[in-house]
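Trainee: Input structure: coords.csv, which contains CSV, N, CA and C atoms.
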chain,number,residue,atom,x,y,z
A,1,MET,N,17.7,13.4,-16.7
A,1,MET,CA,17.1,13.5,-15.4
A,1,MET,C,15.6,13.7,-15.5
A,2,SER,N,14.9,13.2,-14.5
A,2,SER,CA,13.5,13.3,-14.5
A,2,SER,C,13.0,14.6,-14.1
A,3,ALA,N,11.8,14.9,-14.4
A,3,ALA,CA,11.2,16.2,-13.9
A,3,ALA,C,11.2,16.2,-12.4
A,4,PRO,N,11.4,17.3,-11.7
A,4,PRO,CA,11.4,17.4,-10.3
A,4,PRO,C,10.2,16.7,-9.6
A,5,GLY,N,10.5,15.8,-8.8
A,5,GLY,CA,9.4,15.2,-8.0
A,5,GLY,C,8.6,14.2,-8.7
A,6,THR,N,8.8,13.9,-10.0
A,6,THR,CA,8.0,12.9,-10.7
A,6,THR,C,8.0,11.6,-10.0
A,7,ILE,N,9.1,11.1,-9.6
A,7,ILE,CA,9.2,9.8,-9.0
A,7,ILE,C,8.4,9.8,-7.7
A,8,GLU,N,8.6,10.9,-6.9
A,8,GLU,CA,7.9,10.9,-5.6
A,8,GLU,C,6.4,11.1,-5.8
A,9,GLY,N,6.0,11.8,-6.8
A,9,GLY,CA,4.6,12.0,-7.1
A,9,GLY,C,3.9,10.7,-7.5
A,10,ILE,N,4.6,9.9,-8.3
A,10,ILE,CA,4.1,8.6,-8.7
A,10,ILE,C,4.0,7.6,-7.5
A,11,ILE,N,5.1,7.6,-6.7
A,11,ILE,CA,5.1,6.8,-5.5
A,11,ILE,C,3.9,7.2,-4.6
A,12,LEU,N,3.8,8.5,-4.3
A,12,LEU,CA,2.7,8.9,-3.4
A,12,LEU,C,1.3,8.6,-4.0
A,13,GLU,N,1.1,8.7,-5.3
A,13,GLU,CA,-0.2,8.4,-5.9
A,13,GLU,C,-0.4,6.9,-5.8
A,14,ALA,N,0.6,6.1,-6.0
A,14,ALA,CA,0.4,4.6,-5.8
A,14,ALA,C,0.0,4.3,-4.4
A,15,SER,N,0.6,5.0,-3.4
A,15,SER,CA,0.3,4.8,-2.0
A,15,SER,C,-1.2,5.2,-1.8
A,16,ARG,N,-1.6,6.3,-2.3
A,16,ARG,CA,-2.9,6.8,-2.1
A,16,ARG,C,-4.0,5.8,-2.7
A,17,VAL,N,-3.7,5.4,-3.9
A,17,VAL,CA,-4.7,4.6,-4.6
A,17,VAL,C,-4.8,3.2,-4.0
A,18,THR,N,-3.7,2.6,-3.7
A,18,THR,CA,-3.7,1.3,-3.2
A,18,THR,C,-3.9,1.2,-1.6
A,19,LYS,N,-3.8,2.4,-1.0
A,19,LYS,CA,-3.9,2.4,0.5
A,19,LYS,C,-2.8,1.6,1.2
A,20,LEU,N,-1.6,1.5,0.5
A,20,LEU,CA,-0.5,0.8,1.0
A,20,LEU,C,0.5,1.9,1.5
A,21,PRO,N,1.1,1.7,2.6
A,21,PRO,CA,2.2,2.7,3.0
A,21,PRO,C,3.3,2.6,2.0
A,22,ILE,N,4.0,3.8,1.9
A,22,ILE,CA,5.1,3.8,1.0
A,22,ILE,C,6.2,2.8,1.3
A,23,SER,N,6.4,2.7,2.6
A,23,SER,CA,7.4,1.7,3.0
A,23,SER,C,7.1,0.3,2.5
A,24,VAL,N,5.9,0.0,2.4
A,24,VAL,CA,5.5,-1.4,1.9
A,24,VAL,C,5.6,-1.4,0.4
A,25,LEU,N,5.2,-0.4,-0.3
A,25,LEU,CA,5.4,-0.3,-1.7
A,25,LEU,C,6.8,-0.5,-2.1
A,26,LEU,N,7.7,0.1,-1.4
A,26,LEU,CA,9.2,0.1,-1.7
A,26,LEU,C,9.9,-1.1,-1.0
A,27,SER,N,9.1,-2.0,-0.4
A,27,SER,CA,9.7,-3.2,0.2
A,27,SER,C,10.0,-4.2,-0.8
A,28,LYS,N,10.7,-5.3,-0.4
A,28,LYS,CA,11.0,-6.4,-1.3
A,28,LYS,C,9.9,-7.4,-1.3
A,29,SER,N,8.8,-7.1,-0.7
A,29,SER,CA,7.7,-8.1,-0.7
A,29,SER,C,7.2,-8.6,-2.0
A,30,ARG,N,7.0,-9.9,-2.2
A,30,ARG,CA,6.5,-10.4,-3.4
A,30,ARG,C,5.0,-10.8,-3.3
A,31,VAL,N,4.3,-10.4,-2.3
A,31,VAL,CA,2.9,-10.6,-2.1
A,31,VAL,C,2.2,-9.8,-3.2
A,32,TYR,N,1.2,-10.5,-3.8
A,32,TYR,CA,0.5,-10.0,-5.0
A,32,TYR,C,0.0,-8.6,-4.8
A,33,ALA,N,-0.6,-8.3,-3.6
A,33,ALA,CA,-1.2,-7.0,-3.4
A,33,ALA,C,-0.1,-5.9,-3.3
A,34,VAL,N,1.1,-6.3,-3.1
A,34,VAL,CA,2.2,-5.3,-3.1
A,34,VAL,C,3.0,-5.3,-4.4
A,35,ALA,N,3.2,-6.4,-4.9
A,35,ALA,CA,4.0,-6.5,-6.2
A,35,ALA,C,3.3,-5.9,-7.4
A,36,ARG,N,2.0,-6.1,-7.5
A,36,ARG,CA,1.3,-5.5,-8.6
A,36,ARG,C,1.3,-4.0,-8.7
A,37,PRO,N,1.0,-3.3,-7.6
A,37,PRO,CA,1.1,-1.8,-7.6
A,37,PRO,C,2.6,-1.4,-7.9
A,38,ARG,N,3.5,-2.1,-7.3
A,38,ARG,CA,4.9,-1.8,-7.6
A,38,ARG,C,5.3,-1.9,-9.1
A,39,GLN,N,4.8,-3.0,-9.7
A,39,GLN,CA,5.0,-3.1,-11.1
A,39,GLN,C,4.4,-2.0,-11.9
A,40,ALA,N,3.2,-1.6,-11.6
A,40,ALA,CA,2.5,-0.5,-12.2
A,40,ALA,C,3.4,0.8,-12.1
A,41,MET,N,3.9,1.0,-10.9
A,41,MET,CA,4.7,2.1,-10.6
A,41,MET,C,6.0,2.1,-11.5
A,42,ILE,N,6.6,1.0,-11.6
A,42,ILE,CA,7.8,0.8,-12.4
A,42,ILE,C,7.5,1.2,-13.8
A,43,LEU,N,6.4,0.6,-14.4
A,43,LEU,CA,6.1,0.9,-15.8
A,43,LEU,C,5.9,2.4,-16.0
A,44,VAL,N,5.2,3.1,-15.1
A,44,VAL,CA,4.9,4.5,-15.3
A,44,VAL,C,6.2,5.3,-15.1
A,45,LEU,N,7.1,4.9,-14.2
A,45,LEU,CA,8.3,5.6,-14.0
A,45,LEU,C,9.2,5.5,-15.3
A,46,GLN,N,9.2,4.3,-15.9
A,46,GLN,CA,9.9,4.2,-17.1
A,46,GLN,C,9.3,5.1,-18.2
A,47,GLU,N,8.0,5.2,-18.3
A,47,GLU,CA,7.4,6.0,-19.3
A,47,GLU,C,7.5,7.5,-19.1
A,48,ARG,N,7.5,7.9,-17.8
A,48,ARG,CA,7.4,9.4,-17.5
A,48,ARG,C,8.7,10.0,-17.2
A,49,THR,N,9.8,9.2,-17.0
A,49,THR,CA,11.1,9.8,-16.8
A,49,THR,C,12.0,9.3,-17.8
A,50,ASN,N,13.2,9.9,-17.9
A,50,ASN,CA,14.2,9.4,-18.8
A,50,ASN,C,15.3,8.7,-18.0
A,51,LEU,N,14.9,8.1,-16.9
A,51,LEU,CA,15.8,7.3,-16.1
A,51,LEU,C,16.0,6.0,-16.7
A,52,SER,N,17.2,5.5,-16.7
A,52,SER,CA,17.5,4.1,-17.2
A,52,SER,C,17.0,3.1,-16.2
A,53,THR,N,16.9,1.9,-16.7
A,53,THR,CA,16.4,0.8,-15.7
A,53,THR,C,17.3,0.6,-14.5
A,54,PRO,N,18.6,0.7,-14.6
A,54,PRO,CA,19.5,0.7,-13.4
A,54,PRO,C,19.2,1.9,-12.5
A,55,GLN,N,18.9,3.0,-13.0
A,55,GLN,CA,18.6,4.2,-12.2
A,55,GLN,C,17.3,4.0,-11.4
A,56,ILE,N,16.3,3.5,-12.1
A,56,ILE,CA,15.0,3.3,-11.5
A,56,ILE,C,15.2,2.2,-10.4
A,57,ALA,N,15.9,1.2,-10.7
A,57,ALA,CA,16.1,0.1,-9.7
A,57,ALA,C,16.8,0.7,-8.4
A,58,ALA,N,17.8,1.6,-8.7
A,58,ALA,CA,18.5,2.2,-7.6
A,58,ALA,C,17.6,3.1,-6.7
A,59,ARG,N,16.8,3.9,-7.4
A,59,ARG,CA,16.0,4.9,-6.7
A,59,ARG,C,14.9,4.2,-5.9
A,60,LEU,N,14.4,3.0,-6.4
A,60,LEU,CA,13.4,2.3,-5.6
A,60,LEU,C,14.0,1.2,-4.7
A,61,GLY,N,15.3,1.0,-4.7
A,61,GLY,CA,15.9,0.0,-3.9
A,61,GLY,C,15.5,-1.4,-4.3
A,62,LEU,N,15.5,-1.6,-5.7
A,62,LEU,CA,15.0,-2.9,-6.2
A,62,LEU,C,16.1,-3.9,-6.5
A,63,GLY,N,17.3,-3.6,-6.2
A,63,GLY,CA,18.4,-4.5,-6.6
A,63,GLY,C,19.0,-4.1,-7.9
A,64,ASP,N,18.6,-4.8,-9.0
A,64,ASP,CA,19.2,-4.4,-10.3
A,64,ASP,C,18.2,-4.2,-11.3
A,65,HIS,N,18.7,-3.8,-12.5
A,65,HIS,CA,17.8,-3.4,-13.6
A,65,HIS,C,16.9,-4.6,-14.1
A,66,SER,N,17.3,-5.8,-13.9
A,66,SER,CA,16.5,-6.9,-14.4
A,66,SER,C,15.1,-6.9,-13.7
A,67,THR,N,15.1,-6.5,-12.4
A,67,THR,CA,13.8,-6.4,-11.7
A,67,THR,C,12.9,-5.3,-12.4
A,68,VAL,N,13.5,-4.3,-12.8
A,68,VAL,CA,12.7,-3.2,-13.5
A,68,VAL,C,12.2,-3.7,-14.8
A,69,ILE,N,13.0,-4.4,-15.6
A,69,ILE,CA,12.6,-5.0,-16.9
A,69,ILE,C,11.5,-5.9,-16.7
A,70,HIS,N,11.6,-6.8,-15.7
A,70,HIS,CA,10.6,-7.8,-15.5
A,70,HIS,C,9.3,-7.1,-15.1
A,71,GLY,N,9.4,-6.1,-14.2
A,71,GLY,CA,8.2,-5.3,-13.7
A,71,GLY,C,7.5,-4.7,-14.9
A,72,VAL,N,8.2,-4.1,-15.8
A,72,VAL,CA,7.6,-3.4,-17.0
A,72,VAL,C,6.9,-4.4,-17.8
A,73,ARG,N,7.6,-5.5,-18.1
A,73,ARG,CA,6.9,-6.6,-19.0
A,73,ARG,C,5.7,-7.1,-18.3
A,74,LYS,N,5.8,-7.4,-17.1
A,74,LYS,CA,4.6,-8.0,-16.3
A,74,LYS,C,3.5,-7.0,-16.3
A,75,ALA,N,3.8,-5.8,-16.0
A,75,ALA,CA,2.7,-4.8,-16.0
A,75,ALA,C,2.0,-4.6,-17.3
A,76,LYS,N,2.7,-4.6,-18.4
A,76,LYS,CA,2.1,-4.5,-19.7
A,76,LYS,C,1.2,-5.7,-20.0
A,77,GLN,N,1.7,-6.9,-19.6
A,77,GLN,CA,1.0,-8.1,-19.8
A,77,GLN,C,-0.3,-8.1,-19.1
A,78,ILE,N,-0.2,-7.8,-17.8
A,78,ILE,CA,-1.4,-7.8,-16.9
A,78,ILE,C,-2.4,-6.8,-17.4
A,79,ALA,N,-2.0,-5.6,-17.8
A,79,ALA,CA,-2.9,-4.5,-18.2
A,79,ALA,C,-3.7,-4.9,-19.4
A,80,THR,N,-3.3,-5.8,-20.2
A,80,THR,CA,-4.1,-6.2,-21.3
A,80,THR,C,-5.3,-7.1,-21.0
A,81,THR,N,-5.2,-7.7,-19.8
A,81,THR,CA,-6.3,-8.6,-19.4
A,81,THR,C,-7.1,-8.2,-18.2
A,82,ASN,N,-6.5,-7.2,-17.4
A,82,ASN,CA,-7.1,-6.8,-16.2
A,82,ASN,C,-7.5,-5.4,-16.2
A,83,PRO,N,-8.7,-5.0,-16.4
A,83,PRO,CA,-9.1,-3.6,-16.5
A,83,PRO,C,-8.8,-2.8,-15.2
A,84,ASP,N,-8.9,-3.4,-14.1
A,84,ASP,CA,-8.6,-2.7,-12.8
A,84,ASP,C,-7.1,-2.3,-12.7
A,85,PHE,N,-6.3,-3.2,-13.2
A,85,PHE,CA,-4.9,-2.9,-13.2
A,85,PHE,C,-4.5,-1.9,-14.2
A,86,ALA,N,-5.2,-1.9,-15.4
A,86,ALA,CA,-5.0,-0.9,-16.4
A,86,ALA,C,-5.4,0.5,-15.9
A,87,ALA,N,-6.5,0.5,-15.1
A,87,ALA,CA,-7.0,1.7,-14.5
A,87,ALA,C,-6.0,2.3,-13.5
A,88,LEU,N,-5.4,1.4,-12.7
A,88,LEU,CA,-4.3,1.8,-11.8
A,88,LEU,C,-3.2,2.5,-12.6
A,89,ILE,N,-2.7,1.9,-13.6
A,89,ILE,CA,-1.6,2.4,-14.4
A,89,ILE,C,-2.0,3.8,-15.0
A,90,ASP,N,-3.3,3.9,-15.5
A,90,ASP,CA,-3.7,5.2,-16.0
A,90,ASP,C,-3.7,6.3,-14.9
A,91,ARG,N,-4.2,5.9,-13.7
A,91,ARG,CA,-4.2,6.9,-12.6
A,91,ARG,C,-2.8,7.3,-12.2
A,92,LEU,N,-1.8,6.4,-12.3
A,92,LEU,CA,-0.5,6.7,-12.0
A,92,LEU,C,0.1,7.6,-13.1
A,93,ARG,N,-0.3,7.4,-14.3
A,93,ARG,CA,0.2,8.2,-15.4
A,93,ARG,C,-0.3,9.6,-15.3
A,94,ASP,N,-1.4,9.8,-14.6
A,94,ASP,CA,-2.0,11.1,-14.4
A,94,ASP,C,-1.5,11.8,-13.2
A,95,ALA,N,-0.7,11.1,-12.4
A,95,ALA,CA,-0.2,11.7,-11.1
A,95,ALA,C,0.6,13.0,-11.4
A,96,GLU,N,0.3,14.0,-10.6
A,96,GLU,CA,1.0,15.3,-10.8
A,96,GLU,C,2.4,15.2,-10.2
A,97,PRO,N,3.4,15.7,-11.0
A,97,PRO,CA,4.8,15.8,-10.4
A,97,PRO,C,4.8,16.7,-9.2
A,98,LEU,N,5.5,16.2,-8.2
A,98,LEU,CA,5.6,17.0,-6.9
A,98,LEU,C,7.1,17.5,-6.7
A,99,GLY,N,7.2,18.8,-6.5
A,99,GLY,CA,8.5,19.3,-6.2
A,99,GLY,C,8.8,19.2,-4.7
A,100,PRO,N,10.0,19.6,-4.3
A,100,PRO,CA,10.3,19.6,-2.8
A,100,PRO,C,9.3,20.3,-1.9
A,101,LEU,N,8.9,21.5,-2.4
A,101,LEU,CA,8.0,22.3,-1.6
A,101,LEU,C,6.6,21.6,-1.4
A,102,ALA,N,6.1,21.0,-2.5
A,102,ALA,CA,4.9,20.3,-2.5
A,102,ALA,C,5.0,19.1,-1.5
A,103,LEU,N,6.1,18.4,-1.6
A,103,LEU,CA,6.3,17.3,-0.7
A,103,LEU,C,6.3,17.7,0.8
A,104,ALA,N,6.9,18.8,1.1
A,104,ALA,CA,6.9,19.4,2.4
A,104,ALA,C,5.5,19.7,2.9
A,105,ASP,N,4.7,20.3,2.0
A,105,ASP,CA,3.3,20.6,2.3
A,105,ASP,C,2.5,19.4,2.6
A,106,LEU,N,2.7,18.4,1.7
A,106,LEU,CA,2.0,17.1,1.9
A,106,LEU,C,2.3,16.4,3.2
A,107,ALA,N,3.6,16.6,3.6
A,107,ALA,CA,4.1,15.9,4.8
A,107,ALA,C,3.3,16.4,6.0
A,108,GLN,N,2.9,17.7,6.0
A,108,GLN,CA,2.1,18.2,7.1
A,108,GLN,C,0.7,17.7,7.1
A,109,GLU,N,0.2,17.2,6.0
A,109,GLU,CA,-1.2,16.8,5.9
A,109,GLU,C,-1.3,15.2,6.0
A,110,MET,N,-0.2,14.5,5.8
A,110,MET,CA,-0.3,13.1,5.8
A,110,MET,C,0.1,12.5,7.1
A,111,PRO,N,-0.3,11.2,7.3
A,111,PRO,CA,0.1,10.6,8.6
A,111,PRO,C,1.6,10.6,8.8
A,112,GLU,N,2.0,10.7,10.0
A,112,GLU,CA,3.4,10.8,10.3
A,112,GLU,C,4.2,9.6,9.7
A,113,GLU,N,3.6,8.4,9.8
A,113,GLU,CA,4.3,7.2,9.3
A,113,GLU,C,4.6,7.3,7.8
A,114,VAL,N,3.7,7.9,7.0
A,114,VAL,CA,3.9,8.1,5.6
A,114,VAL,C,5.0,9.1,5.3
A,115,ALA,N,4.9,10.2,6.0
A,115,ALA,CA,5.9,11.3,5.8
A,115,ALA,C,7.3,10.8,6.2
A,116,ALA,N,7.4,10.0,7.3
A,116,ALA,CA,8.7,9.4,7.7
A,116,ALA,C,9.2,8.4,6.6
A,117,ALA,N,8.3,7.7,6.1
A,117,ALA,CA,8.7,6.7,5.0
A,117,ALA,C,9.3,7.4,3.8
A,118,ILE,N,8.6,8.5,3.4
A,118,ILE,CA,9.1,9.3,2.2
A,118,ILE,C,10.5,9.8,2.5
A,119,ALA,N,10.6,10.5,3.7
A,119,ALA,CA,11.9,11.1,4.0
A,119,ALA,C,13.0,10.0,4.1
A,120,TYR,N,12.7,8.9,4.8
A,120,TYR,CA,13.7,7.9,4.9
A,120,TYR,C,14.1,7.3,3.5
A,121,SER,N,13.1,7.1,2.7
A,121,SER,CA,13.3,6.6,1.3
A,121,SER,C,14.2,7.5,0.5
A,122,LEU,N,13.9,8.8,0.6
A,122,LEU,CA,14.7,9.8,-0.2
A,122,LEU,C,16.1,9.9,0.3
A,123,ARG,N,16.3,9.8,1.7
A,123,ARG,CA,17.6,9.9,2.2
A,123,ARG,C,18.4,8.6,1.8
A,124,ARG,N,17.8,7.5,1.9
A,124,ARG,CA,18.4,6.2,1.6
A,124,ARG,C,18.9,6.2,0.1
A,125,LYS,N,18.0,6.6,-0.8
A,125,LYS,CA,18.3,6.6,-2.2
A,125,LYS,C,19.5,7.5,-2.5
A,126,THR,N,19.5,8.7,-1.8
A,126,THR,CA,20.5,9.7,-2.1
A,126,THR,C,21.9,9.2,-1.6
A,127,ARG,N,21.9,8.5,-0.5
A,127,ARG,CA,23.2,8.0,0.0
A,127,ARG,C,23.8,6.9,-0.9
A,128,ARG,N,22.9,6.1,-1.5
A,128,ARG,CA,23.4,5.0,-2.4
A,128,ARG,C,24.1,5.6,-3.6
A,129,LYS,N,23.7,6.7,-4.1
A,129,LYS,CA,24.3,7.3,-5.3
A,129,LYS,C,25.7,7.7,-5.1
A,130,GLY,N,26.0,8.2,-3.9
A,130,GLY,CA,27.3,8.8,-3.5
A,130,GLY,C,28.4,7.9,-3.7
Output the structure of this file as structure tokens.
Mentor:
Amino acid sequence: MSAPGTIEGIILEASRVTKLPISVLLSKSRVYAVARPRQAMILVLQERTNLSTPQIAARLGLGDHSTVIHGVRKAKQIATTNPDFAALIDRLRDAEPLGPLALADLAQEMPEEVAAAIAYSLRRKTRRKG
């Protein structure tokens, strides 16, 4: 199991850095500006958690493990030639793990849309596991 809140902390940091709403980051969009940050997120999740690729796919709503494998490979490939992308990965690696209380505190400070997206995403992921 991952450290408490690690997944949420990385997702939140990706949203902050890219200025994309969490709902967009977790969408199925293949648009470059959305797919690249998502791939960076996937790479860091694989590095910072001991979740399997199927578990990461399930938590992010990505379909199956092959999407995670592709995202990791693509992120590593792009990071070797794109310093901005490598910097994004480094920033996500440095993201602080957030526990449930920290998320609740952040929800009070963040726009309502972002807080709702986090809450919806967490509820949706939990229901799928059942």
Trainee: Between A:Asn82, A:Gln77, A:Ser52, A:Thr6, which has the minimum distance to Asp64 in chain A (counting only C-alpha atoms)?
Mentor: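 For Asp64 in chain A, the nearest of the given residues is A:Ser52.
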Trainee: Please report the interatomic distance between atom N of Tyr32 in chain A and atom C of Glu96 in chain A in Å with one decimal.
Mentor: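 Atom C of Glu96 in chain A lies 26.5 Å from atom N of Tyr32 in chain A.
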Trainee: From the list A:Ala57, A:Val72, A:Ala14, A:Ala87, which residue is nearest Pro37 in chain A when using only N, CA and C atoms?
Mentor: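 Residue with the minimum atom-to-atom distance to Pro37 in chain A: A:Ala14.
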Trainee: Excluding Ala86 in chain A and its own-chain neighbours fewer than 4 positions away, which residues fall within 10 Å of it when counting only C-alpha atoms? Please give them as a list in words.
Mentor: Ala40, Ala75, Lys76, Gln77, Ile78, Ala79, Thr80, Thr81, Asn82, Asp90, Arg91 and Leu92 of chain A
Trainee: Pick from A:Leu60, A:Gln55, A:Thr67, A:Leu43: nearest to Leu25 in chain A, with only C-alpha atoms counted?
Mentor: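 Closest to Leu25 in chain A of all the choices is A:Leu60.
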Trainee: Compare A:Arg59, A:Val68, A:Asp94, A:Ile89 by their minimum atom-to-atom distance to Gly9 in chain A, counting only N, CA and C atoms, and give me the closest one.
Mentor: A:Asp94
Trainee: I'd like the interatomic distance between atom C of Asn50 in chain A and CA of Val31 in chain A, to a tenth of an Å.
Mentor: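 One can read the atom C of Asn50 in chain A to CA of Val31 in chain A distance as 27.9 Å.
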Trainee: Report, in Å to a single decimal, how far apart CA of Ile22 in chain A and CA of Arg73 in chain A are.
Mentor: 22.6 Å
Trainee: For Ile56 in chain A, which residue among A:Leu88, A:Leu26, A:Pro83, A:Glu13 is the nearest when counting only C-alpha atoms?
Mentor: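 Using only C-alpha atoms, the shortest distance to Ile56 in chain A belongs to A:Leu26.
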